[in-house]
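A.B. asks: CSV, C-alpha atoms, saved as target.csv, coming up:
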```
chain,number,residue,atom,x,y,z
A,129,MET,CA,8.4,46.3,66.4
A,130,GLY,CA,12.2,46.6,66.3
A,131,LEU,CA,14.4,43.6,65.5
A,132,ALA,CA,16.1,43.7,68.9
A,133,LYS,CA,12.7,43.5,70.7
A,134,SER,CA,11.4,40.7,68.5
A,135,VAL,CA,14.6,38.7,68.9
A,136,GLN,CA,14.4,39.0,72.7
A,137,GLU,CA,10.8,37.9,72.6
A,138,VAL,CA,11.8,34.8,70.5
A,139,VAL,CA,14.6,34.0,73.0
A,140,ALA,CA,12.2,34.3,76.0
A,141,ALA,CA,9.4,32.2,74.3
A,142,THR,CA,11.9,29.5,73.3
A,143,LEU,CA,13.4,29.3,76.8
A,144,SER,CA,9.9,29.0,78.2
A,145,ASN,CA,9.0,26.3,75.7
A,146,LEU,CA,12.1,24.4,76.6
A,147,GLY,CA,11.1,24.6,80.3
A,148,LEU,CA,14.0,26.8,81.2
A,149,ALA,CA,13.9,29.9,83.4
A,150,VAL,CA,13.4,33.1,81.4
A,151,PRO,CA,15.7,35.9,82.7
A,152,ALA,CA,13.9,39.1,83.9
A,153,ASN,CA,16.2,41.1,81.6
A,154,ILE,CA,17.6,39.3,78.5
A,155,ILE,CA,21.1,40.4,78.0
A,156,GLN,CA,22.3,40.8,74.4
A,157,ILE,CA,26.1,40.7,73.8
A,158,MET,CA,27.7,41.7,70.5
A,159,LEU,CA,30.0,39.0,69.1
A,160,LEU,CA,33.1,40.2,67.2
A,161,LYS,CA,35.7,38.2,65.2
A,162,ASP,CA,38.9,39.9,64.0
A,163,GLY,CA,37.2,43.2,64.7
A,164,TYR,CA,34.0,42.4,62.6
A,165,PHE,CA,30.5,42.0,64.0
A,166,VAL,CA,29.4,38.4,63.6
A,167,GLY,CA,26.3,38.1,65.7
A,168,HIS,CA,24.8,38.3,69.2
A,169,LYS,CA,24.9,36.0,72.2
A,170,PHE,CA,22.1,35.8,74.8
A,171,PRO,CA,23.3,34.1,78.0
A,172,TYR,CA,20.8,32.4,80.2
A,173,ASP,CA,21.0,30.2,83.3
A,174,GLY,CA,22.4,26.9,82.1
A,175,GLY,CA,23.5,28.0,78.6
A,176,TYR,CA,23.3,30.6,75.9
A,177,ALA,CA,21.7,31.4,72.6
A,178,ILE,CA,23.5,32.6,69.4
A,179,MET,CA,22.2,34.6,66.5
A,180,ARG,CA,24.7,34.9,63.7
A,181,VAL,CA,24.8,37.6,61.1
A,182,GLY,CA,23.0,36.6,57.9
A,183,CYS,CA,21.1,33.8,59.5
A,184,ASN,CA,17.4,34.0,60.3
A,185,THR,CA,17.7,31.6,63.2
A,186,ILE,CA,18.7,31.6,66.9
A,187,GLU,CA,20.5,28.5,68.2
A,188,PHE,CA,20.1,27.5,71.9
A,189,TYR,CA,23.0,25.7,73.6
A,190,THR,CA,23.8,24.2,77.0
A,191,GLU,CA,26.7,25.6,79.0
A,192,ASP,CA,28.9,22.8,77.5
A,193,GLY,CA,28.0,23.6,73.9
A,194,LYS,CA,25.3,20.9,73.2
A,195,LEU,CA,22.7,22.2,70.7
A,196,LEU,CA,19.3,22.2,72.3
A,197,LYS,CA,17.1,23.8,69.6
A,198,THR,CA,17.3,26.0,66.5
A,199,THR,CA,14.4,28.6,66.2
A,200,ALA,CA,13.5,30.7,63.2
A,201,ILE,CA,13.2,34.4,63.6
A,202,ASP,CA,10.0,35.8,62.0
A,203,ASP,CA,11.1,39.2,60.5
A,204,ARG,CA,8.1,39.9,58.4
A,205,ALA,CA,7.0,42.7,60.6
A,206,ASP,CA,10.3,44.4,60.2
A,207,LYS,CA,10.3,44.0,56.4
A,208,GLU,CA,6.7,45.5,56.3
A,209,ALA,CA,7.7,48.4,58.5
A,210,ALA,CA,10.7,49.2,56.2
A,211,ALA,CA,8.5,49.2,53.1
```
Now that the file is in, can you turn its structure into structure tokens?
C.D. replies:
Amino acid sequence: MGLAKSVQEVVAATLSNLGLAVPANIIQIMLLKDGYFVGHKFPYDGGYAIMRVGCNTIEFYTEDGKLLKTTAIDDRADKEAAA
């Protein structure tokens, strides 16, 4: 399973666990700072999730920036596939 797919699955599962609506299509937006890639943003109704480069977590926020939850990304399948 590719990282993009597994991350989208983590986003969907976490939204569901929080009792929030899961979008039919989870949008993934690249985040840039000073021209450098720094992570991804996943907008959803009522907020957004952020996955930063070098972090093995996804942070879920309300529209006004209040942190709701931090979820770990399980990347073992990707590491095993690369071996």
A.B. asks: Could you check which residues have any atom within 9 Å of (24.5, 37.0, 62.0), counting all atoms listed in the file with coordinates taken straight from the file, and then list them as a list in words?
C.D. replies: Phe165, Val166, Gly167, His168, Ile178, Met179, Arg180, Val181, Gly182, Cys183, Asn184 and Thr185 of chain A
A.B. asks: Expressed in Å to a single decimal, how great is the separation between CA of Val135 in chain A and CA of Lys161 in chain A?
C.D. replies: 21.4 Å
A.B. asks: Using all atoms listed in the file and a cutoff of 10 Å, can you tell me which residues are near (12.1, 32.1, 72.4) in the file's coordinates, and write them out as a list of chain:residue names?
C.D. replies: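 Answer for this query, in the requested form: A:Ser134, A:Val135, A:Gln136, A:Glu137, A:Val138, A:Val139, A:Ala140, A:Ala141, A:Thr142, A:Leu143, A:Ser144, A:Asn145, A:Leu146, A:Val150, A:Ala177, A:Ile186, A:Phe188, A:Thr198, A:Thr199, A:Ala200, A:Ile201.
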A.B. asks: Excluding same-chain residues fewer than 5 positions from range 192-195 of chain A, what lies within 10 Å of it counting only C-alpha atoms, as a list in words?
C.D. replies: Gly174, Gly175, Tyr176, Ala177 and Glu187 of chain A
A.B. asks: Distance CA of Thr190 in chain A-CA of Gly163 in chain A, one decimal place?
C.D. replies: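 If I compute the distance from CA of Thr190 in chain A to CA of Gly163 in chain A, I get 26.3 Å.
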A.B. asks: Mind pulling up the distance from CA of Tyr164 in chain A to CA of Asp202 in chain A?
C.D. replies: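 Distance between the two atoms: 24.9 Å.
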